[in-house]
Amino acid sequence: MTRSPETLAHALLDAARKAGADAADAIAVEGTSVSIDVLHGKLEHAERSDGVEIGLRVLVGQRQACVSASDTRPETMAEMAERAVAMARLAPEDPTIGLADPGQLAQTWDIAALDMIDPAPEPDPAALERAALEAEAAALAVAGVSQVQSASAGYGRRTRHLAATNGFSGGYTRTDHGLSCVAITGEGLGMERDYFGDMRMHRADMMSPQEVGRIAAERAVARKGARQPKTGAYPVLFDERISASLIGHLLQAVNGSAIARGASWLRDALGEEILPTGLSLVEQPLRPRASGSRPFDAEGLPTADRAIVDQGLLTGWTLDLATARKLGLSSTGNAARGTSAPPSPSVSNVALTQGSASRDDLIKQMGTGLLITSMIGSSINPNTGDYSRGACGFWVENGEITYPVNECTVAGNLRDMLRRLTPANDARTHLSHVVPSLLVEGLTLAGS
């Protein structure tokens, strides 16, 4: 008989106690995923995965070790626990590790309010194949598309349960549906491609396959004839589809692990203005139907909304228990972990204050500059914030898009860039990271 993730997590704790652990926590994850790829109007690849993963962290004094497996037999779990305890006894001491005190733990939560489970039955693989085929056909129907590189549809369902010897026990399930398409325009060395995709927790929220394919195709066709832009200092507009990467660099810089190592360009910026006055960056771990939502973190602490940046001012770091202890602070309820590693700090959902102007308004405002729609590679100095990335997009002259561009590099310093940004009002609110298009003044472009 198959055992539930909750039963498996508690069985791991029992094994850890028998093996001699002073304390332990365990995670069990049960998942199903289905993916379908089509090409040239035919099924190209179909894959289904069903499995269970288990992970155990044991503590012996101030030493810890983690082990994981996909075999859930009792003898395997007993062996895991014995091996973990033996490893922990050889590990270096770390005064900052340890489970949460019982008084810190989440006591109640409302899973239903997060609305993470699609009540509809699992989609039939044939239905996923039809959706992918319809997206491919819609893309090929757009004039100027020479081929579709891929069209894919997928579904997933995962249940995870966390239990620990401090008394915590909790779990939740989430589902996801996805559809994507990559279209190509041109031939030979003149080929350009672009993509579009949609992913939702509930199938009822999904865009139609025809719309997904059409948008991917129109994006690709718009890139036909791309060339390098001018070299110089210009305003740059980060399109909504990639603007979250810019805010992602901020989130990495305020991560407690980076702060504890002293390897962050924001390590001395607590309380300072790092965004324009009036802009806030808020974490929202309890937002319904968002992929990053979670009722508690990976150490059993309750989650809650918090302003990472409040009206332009940096308010604090993203912390789990260990990094908080290293810094002499309290956890922000941001622990995350898989089955094979100890907790580390990580944000859930975030939202940046949206502006009042549309993306088109910002294009007019920028006059002459670059609209970036995709980025390639990354060279970010974590200590100084120096920023350099390859980019593709469109050149703007006199407030109008004039031609597509590729093979250029955009460079600046993140601290300066973030203080000079202007947000549009076009963020997609169903995404985990709700970030609109962002206009940044005075970046350096390396092109022709």
# chains A, B, ... in the order shown; residues from 1 in each chain; ligands from 1

$ residues_around --residues "Arg261 of chain A" --least-positions-apart "6" --cutoff "12 Å" --atoms "only C-alpha atoms" --output "list in words"
Ala253, Val254, Asn255, Arg267, Thr323, Lys326, Leu327, Pro382 and Asn383 of chain A

$ write_last_selection --atoms "C-alpha atoms" --output "compact mmCIF listing (two decimals), in the first residue's frame"
# COMPACT_ATOMS: atom_id res chain seq x y z
CA ALA A 253 21.56 41.07 -3.06
CA VAL A 254 19.26 41.16 0.00
CA ASN A 255 19.35 37.39 0.51
CA ARG A 267 25.39 44.85 2.32
CA THR A 323 21.32 33.14 8.46
CA LYS A 326 24.56 34.56 11.96
CA LEU A 327 23.40 38.16 11.68
CA PRO A 382 27.92 40.51 -6.57
CA ASN A 383 30.17 42.82 -4.54

$ select_by_dssp --residues "segment 30-118 of chain A" --states "alpha helix (DSSP H)" --output "MDAnalysis selection string"
chainID A and resid 74:90 111:114

$ write_last_selection --atoms "N, CA and C atoms" --output "compact mmCIF listing (two decimals), in the first residue's frame"
# COMPACT_ATOMS: atom_id res chain seq x y z
N PRO A 74 10.93 0.72 4.26
CA PRO A 74 11.38 0.96 5.64
C PRO A 74 12.86 0.71 5.85
N GLU A 75 13.40 -0.33 5.23
CA GLU A 75 14.82 -0.62 5.41
C GLU A 75 15.70 0.47 4.78
N THR A 76 15.22 1.08 3.68
CA THR A 76 15.96 2.17 3.07
C THR A 76 15.97 3.39 3.98
N MET A 77 14.83 3.70 4.58
CA MET A 77 14.76 4.85 5.47
C MET A 77 15.62 4.65 6.72
N ALA A 78 15.65 3.42 7.21
CA ALA A 78 16.51 3.14 8.36
C ALA A 78 17.98 3.34 8.00
N GLU A 79 18.35 2.89 6.79
CA GLU A 79 19.73 3.06 6.33
C GLU A 79 20.06 4.53 6.12
N MET A 80 19.10 5.27 5.57
CA MET A 80 19.29 6.72 5.39
C MET A 80 19.60 7.40 6.72
N ALA A 81 18.80 7.08 7.71
CA ALA A 81 18.96 7.73 9.01
C ALA A 81 20.31 7.39 9.63
N GLU A 82 20.70 6.14 9.55
CA GLU A 82 22.00 5.73 10.11
C GLU A 82 23.15 6.42 9.39
N ARG A 83 23.04 6.52 8.07
CA ARG A 83 24.09 7.17 7.30
C ARG A 83 24.14 8.67 7.62
N ALA A 84 22.97 9.29 7.76
CA ALA A 84 22.93 10.72 8.06
C ALA A 84 23.54 11.02 9.42
N VAL A 85 23.24 10.21 10.39
CA VAL A 85 23.80 10.42 11.73
C VAL A 85 25.32 10.23 11.71
N ALA A 86 25.78 9.22 11.00
CA ALA A 86 27.23 9.01 10.89
C ALA A 86 27.90 10.20 10.21
N MET A 87 27.27 10.73 9.17
CA MET A 87 27.82 11.89 8.47
C MET A 87 27.83 13.12 9.38
N ALA A 88 26.76 13.30 10.13
CA ALA A 88 26.67 14.47 11.00
C ALA A 88 27.76 14.46 12.06
N ARG A 89 28.08 13.29 12.57
CA ARG A 89 29.12 13.20 13.62
C ARG A 89 30.49 13.59 13.10
N LEU A 90 30.66 13.53 11.78
CA LEU A 90 31.94 13.90 11.18
C LEU A 90 31.94 15.33 10.64
N ILE A 111 -5.16 26.53 3.87
CA ILE A 111 -4.71 26.07 2.56
C ILE A 111 -5.73 26.44 1.48
N ALA A 112 -7.01 26.31 1.81
CA ALA A 112 -8.05 26.56 0.81
C ALA A 112 -8.00 28.00 0.29
N ALA A 113 -7.63 28.94 1.16
CA ALA A 113 -7.58 30.35 0.76
C ALA A 113 -6.52 30.60 -0.31
N LEU A 114 -5.47 29.76 -0.35
CA LEU A 114 -4.42 29.93 -1.36
C LEU A 114 -4.85 29.41 -2.74

$ residues_around --residues "Ala132 of chain A" --least-positions-apart "6" --cutoff "6 Å" --atoms "only C-alpha atoms" --output "list in words"
Ala151, Ser152 and Ala153 of chain A

$ residues_around --residues "segment 206-220 of chain A" --least-positions-apart "6" --cutoff "9 Å" --atoms "only C-alpha atoms" --output "ChimeraX atom specification"
/A:130-145,148,151,177-185,192-200

$ residues_around --residues "Ala233 of chain A" --least-positions-apart "5" --cutoff "8 Å" --atoms "only C-alpha atoms" --output "ChimeraX atom specification"
/A:442-445

$ closest_residue --among "A:Leu39, A:Val236, A:Leu439, A:Ile97" --to "Asn425 of chain A" --atoms "only C-alpha atoms"
A:Leu439

$ residues_around --residues "Leu162 of chain A" --least-positions-apart "2" --cutoff "8 Å" --atoms "only C-alpha atoms" --output "PyMOL selection string"
chain A and resi 6+9+25-28+160+164+168-171+298+300

$ write_last_selection --atoms "N, CA, C and O atoms" --output "CSV table (one decimal), in the first residue's frame"
chain,number,residue,atom,x,y,z
A,6,GLU,N,2.8,12.5,4.3
A,6,GLU,CA,2.8,12.8,5.7
A,6,GLU,C,3.3,11.6,6.5
A,6,GLU,O,4.1,11.7,7.4
A,9,ALA,N,7.1,11.2,6.0
A,9,ALA,CA,7.9,12.2,6.7
A,9,ALA,C,8.0,11.8,8.2
A,9,ALA,O,9.1,11.8,8.8
A,25,ASP,N,14.5,17.0,10.9
A,25,ASP,CA,13.3,17.3,10.1
A,25,ASP,C,13.3,16.5,8.8
A,25,ASP,O,14.4,16.1,8.3
A,26,ALA,N,12.1,16.3,8.2
A,26,ALA,CA,12.0,15.4,7.1
A,26,ALA,C,11.0,16.0,6.1
A,26,ALA,O,10.0,16.6,6.5
A,27,ILE,N,11.3,15.8,4.8
A,27,ILE,CA,10.4,16.2,3.8
A,27,ILE,C,10.1,15.0,2.9
A,27,ILE,O,11.0,14.3,2.5
A,28,ALA,N,8.8,14.9,2.5
A,28,ALA,CA,8.4,13.9,1.5
A,28,ALA,C,7.6,14.6,0.4
A,28,ALA,O,6.7,15.4,0.7
A,160,ARG,N,3.7,18.1,-0.9
A,160,ARG,CA,4.9,18.0,0.0
A,160,ARG,C,4.4,18.1,1.4
A,160,ARG,O,3.5,18.8,1.7
A,164,ALA,N,9.0,17.7,11.7
A,164,ALA,CA,10.2,17.8,12.5
A,164,ALA,C,10.0,17.4,13.9
A,164,ALA,O,8.8,17.3,14.4
A,168,PHE,N,6.5,20.2,14.6
A,168,PHE,CA,5.8,20.7,13.5
A,168,PHE,C,5.4,19.6,12.5
A,168,PHE,O,6.2,18.6,12.3
A,169,SER,N,4.3,19.7,11.9
A,169,SER,CA,3.8,18.8,10.8
A,169,SER,C,2.8,19.5,9.9
A,169,SER,O,1.8,20.0,10.4
A,170,GLY,N,3.2,19.7,8.7
A,170,GLY,CA,2.2,20.3,7.7
A,170,GLY,C,2.6,20.1,6.3
A,170,GLY,O,3.7,19.8,6.0
A,171,GLY,N,1.6,20.1,5.4
A,171,GLY,CA,1.8,19.9,4.0
A,171,GLY,C,0.8,20.6,3.2
A,171,GLY,O,-0.2,21.1,3.7
A,298,ALA,N,10.0,26.4,5.0
A,298,ALA,CA,10.6,25.0,5.0
A,298,ALA,C,11.1,24.7,6.4
A,298,ALA,O,11.7,23.6,6.6
A,300,GLY,N,8.9,25.4,9.0
A,300,GLY,CA,7.7,25.4,9.8
A,300,GLY,C,7.2,26.8,10.4
A,300,GLY,O,6.3,26.8,11.1

$ closest_residue --among "A:Thr402, A:Gln107, A:Thr159, A:Ser245" --to "Ser4 of chain A" --atoms "only C-alpha atoms"
A:Thr159

$ closest_residue --among "A:Gly186, A:Gly31, A:Pro285, A:Gly377" --to "Ala335 of chain A" --atoms "only C-alpha atoms"
A:Pro285

$ closest_residue --among "A:Thr429, A:Gln228, A:Thr422, A:Ser70" --to "Pro276 of chain A" --atoms "only C-alpha atoms"
A:Thr422

$ closest_residue --among "A:Arg63, A:His249, A:Arg223, A:Arg419" --to "Gly278 of chain A" --atoms "only C-alpha atoms"
A:Arg419

$ residues_around --residues "Ala106 of chain A" --least-positions-apart "4" --cutoff "7 Å" --atoms "only C-alpha atoms" --output "list of chain:residue names"
A:Phe296, A:Gly300, A:Leu301, A:Pro302

$ write_last_selection --atoms "all heavy atoms" --output "PDB file, in the first residue's frame"
ATOM      1  N   PHE A 296       3.494  28.162   5.075  1.00  0.00           N
ATOM      2  CA  PHE A 296       4.584  28.156   6.050  1.00  0.00           C
ATOM      3  C   PHE A 296       5.872  27.905   5.286  1.00  0.00           C
ATOM      4  O   PHE A 296       5.858  27.447   4.141  1.00  0.00           O
ATOM      5  CB  PHE A 296       4.370  27.085   7.129  1.00  0.00           C
ATOM      6  CG  PHE A 296       3.991  25.732   6.568  1.00  0.00           C
ATOM      7  CD1 PHE A 296       4.953  24.872   6.063  1.00  0.00           C
ATOM      8  CD2 PHE A 296       2.668  25.335   6.522  1.00  0.00           C
ATOM      9  CE1 PHE A 296       4.609  23.640   5.523  1.00  0.00           C
ATOM     10  CE2 PHE A 296       2.304  24.098   5.985  1.00  0.00           C
ATOM     11  CZ  PHE A 296       3.283  23.255   5.496  1.00  0.00           C
ATOM     12  N   GLY A 300       8.898  25.437   9.041  1.00  0.00           N
ATOM     13  CA  GLY A 300       7.652  25.422   9.788  1.00  0.00           C
ATOM     14  C   GLY A 300       7.229  26.759  10.352  1.00  0.00           C
ATOM     15  O   GLY A 300       6.265  26.829  11.117  1.00  0.00           O
ATOM     16  N   LEU A 301       7.906  27.843   9.967  1.00  0.00           N
ATOM     17  CA  LEU A 301       7.534  29.165  10.463  1.00  0.00           C
ATOM     18  C   LEU A 301       6.408  29.746   9.615  1.00  0.00           C
ATOM     19  O   LEU A 301       6.342  29.485   8.409  1.00  0.00           O
ATOM     20  CB  LEU A 301       8.734  30.110  10.443  1.00  0.00           C
ATOM     21  CG  LEU A 301       9.653  30.087  11.677  1.00  0.00           C
ATOM     22  CD1 LEU A 301      10.313  28.717  11.842  1.00  0.00           C
ATOM     23  CD2 LEU A 301      10.713  31.172  11.564  1.00  0.00           C
ATOM     24  N   PRO A 302       5.529  30.541  10.215  1.00  0.00           N
ATOM     25  CA  PRO A 302       4.435  31.134   9.435  1.00  0.00           C
ATOM     26  C   PRO A 302       4.957  32.147   8.436  1.00  0.00           C
ATOM     27  O   PRO A 302       5.988  32.798   8.659  1.00  0.00           O
ATOM     28  CB  PRO A 302       3.572  31.810  10.508  1.00  0.00           C
ATOM     29  CG  PRO A 302       4.503  32.068  11.651  1.00  0.00           C
ATOM     30  CD  PRO A 302       5.478  30.931  11.634  1.00  0.00           C
TER      31      PRO A 302
END

$ select_by_dssp --residues "segment 192-287 of chain A" --states "strand (DSSP E)" --output "NGL selection string"
:A and (192-200 or 232-238 or 281-283)

$ atom_distance --atom1 "atom CA of Pro5 of chain A" --atom2 "atom CA of Arg73 of chain A"
13.1 Å

$ closest_residue --among "A:Thr384, A:Asp360, A:Thr373, A:Asp416" --to "Glu400 of chain A" --atoms "only C-alpha atoms"
A:Asp360

$ closest_atom_pairs --of "segment 221-295 of chain A" --to "segment 307-315 of chain A" --cutoff "8 Å" --atoms "only C-alpha atoms" --output "JSON lines"
{"residue": "A:Ala269", "atom": "CA", "partner": "A:Leu314", "partner_atom": "CA", "distance": 7.0}
{"residue": "A:Leu270", "atom": "CA", "partner": "A:Leu314", "partner_atom": "CA", "distance": 5.4}
{"residue": "A:Gly271", "atom": "CA", "partner": "A:Leu314", "partner_atom": "CA", "distance": 5.1}
{"residue": "A:Glu272", "atom": "CA", "partner": "A:Leu313", "partner_atom": "CA", "distance": 5.3}
{"residue": "A:Glu273", "atom": "CA", "partner": "A:Leu313", "partner_atom": "CA", "distance": 4.3}
{"residue": "A:Ile274", "atom": "CA", "partner": "A:Gly312", "partner_atom": "CA", "distance": 5.8}
{"residue": "A:Leu275", "atom": "CA", "partner": "A:Gly312", "partner_atom": "CA", "distance": 4.3}
{"residue": "A:Pro276", "atom": "CA", "partner": "A:Gly312", "partner_atom": "CA", "distance": 5.2}
{"residue": "A:Thr277", "atom": "CA", "partner": "A:Gly312", "partner_atom": "CA", "distance": 4.6}
{"residue": "A:Gly278", "atom": "CA", "partner": "A:Gln311", "partner_atom": "CA", "distance": 4.4}
{"residue": "A:Leu279", "atom": "CA", "partner": "A:Gln311", "partner_atom": "CA", "distance": 4.9}
{"residue": "A:Ser280", "atom": "CA", "partner": "A:Asp310", "partner_atom": "CA", "distance": 4.6}
{"residue": "A:Leu281", "atom": "CA", "partner": "A:Val309", "partner_atom": "CA", "distance": 4.9}
{"residue": "A:Val282", "atom": "CA", "partner": "A:Ala307", "partner_atom": "CA", "distance": 4.3}
{"residue": "A:Glu283", "atom": "CA", "partner": "A:Ala307", "partner_atom": "CA", "distance": 6.2}

$ write_last_selection --atoms "N, CA and C atoms" --output "short mmCIF file (atom, residue, chain, number, x, y, z; two decimals), in the first residue's frame"
data_model
loop_
_atom_site.label_atom_id
_atom_site.label_comp_id
_atom_site.auth_asym_id
_atom_site.auth_seq_id
_atom_site.Cartn_x
_atom_site.Cartn_y
_atom_site.Cartn_z
N ALA A 269 23.49 48.85 2.80
CA ALA A 269 22.43 49.76 2.35
C ALA A 269 21.15 49.70 3.18
N LEU A 270 21.15 48.97 4.29
CA LEU A 270 19.94 48.85 5.09
C LEU A 270 19.45 50.23 5.53
N GLY A 271 18.19 50.51 5.27
CA GLY A 271 17.61 51.80 5.61
C GLY A 271 17.83 52.88 4.58
N GLU A 272 18.60 52.57 3.53
CA GLU A 272 18.88 53.57 2.51
C GLU A 272 17.88 53.47 1.35
N GLU A 273 17.82 54.52 0.55
CA GLU A 273 16.95 54.53 -0.61
C GLU A 273 17.62 53.78 -1.75
N ILE A 274 17.02 52.66 -2.16
CA ILE A 274 17.59 51.86 -3.25
C ILE A 274 16.66 51.84 -4.47
N LEU A 275 15.41 52.30 -4.28
CA LEU A 275 14.47 52.49 -5.38
C LEU A 275 13.94 53.92 -5.30
N PRO A 276 13.38 54.43 -6.37
CA PRO A 276 12.82 55.78 -6.30
C PRO A 276 11.75 55.88 -5.21
N THR A 277 11.66 57.03 -4.58
CA THR A 277 10.64 57.26 -3.57
C THR A 277 9.26 56.97 -4.14
N GLY A 278 8.46 56.25 -3.38
CA GLY A 278 7.13 55.89 -3.86
C GLY A 278 7.02 54.47 -4.37
N LEU A 279 8.16 53.83 -4.63
CA LEU A 279 8.14 52.43 -5.09
C LEU A 279 8.41 51.49 -3.93
N SER A 280 7.60 50.44 -3.85
CA SER A 280 7.80 49.41 -2.83
C SER A 280 7.89 48.05 -3.50
N LEU A 281 8.63 47.16 -2.87
CA LEU A 281 8.74 45.77 -3.31
C LEU A 281 8.25 44.91 -2.17
N VAL A 282 7.10 44.28 -2.36
CA VAL A 282 6.43 43.57 -1.28
C VAL A 282 6.39 42.08 -1.56
N GLU A 283 6.76 41.29 -0.57
CA GLU A 283 6.62 39.84 -0.68
C GLU A 283 5.21 39.46 -0.27
#
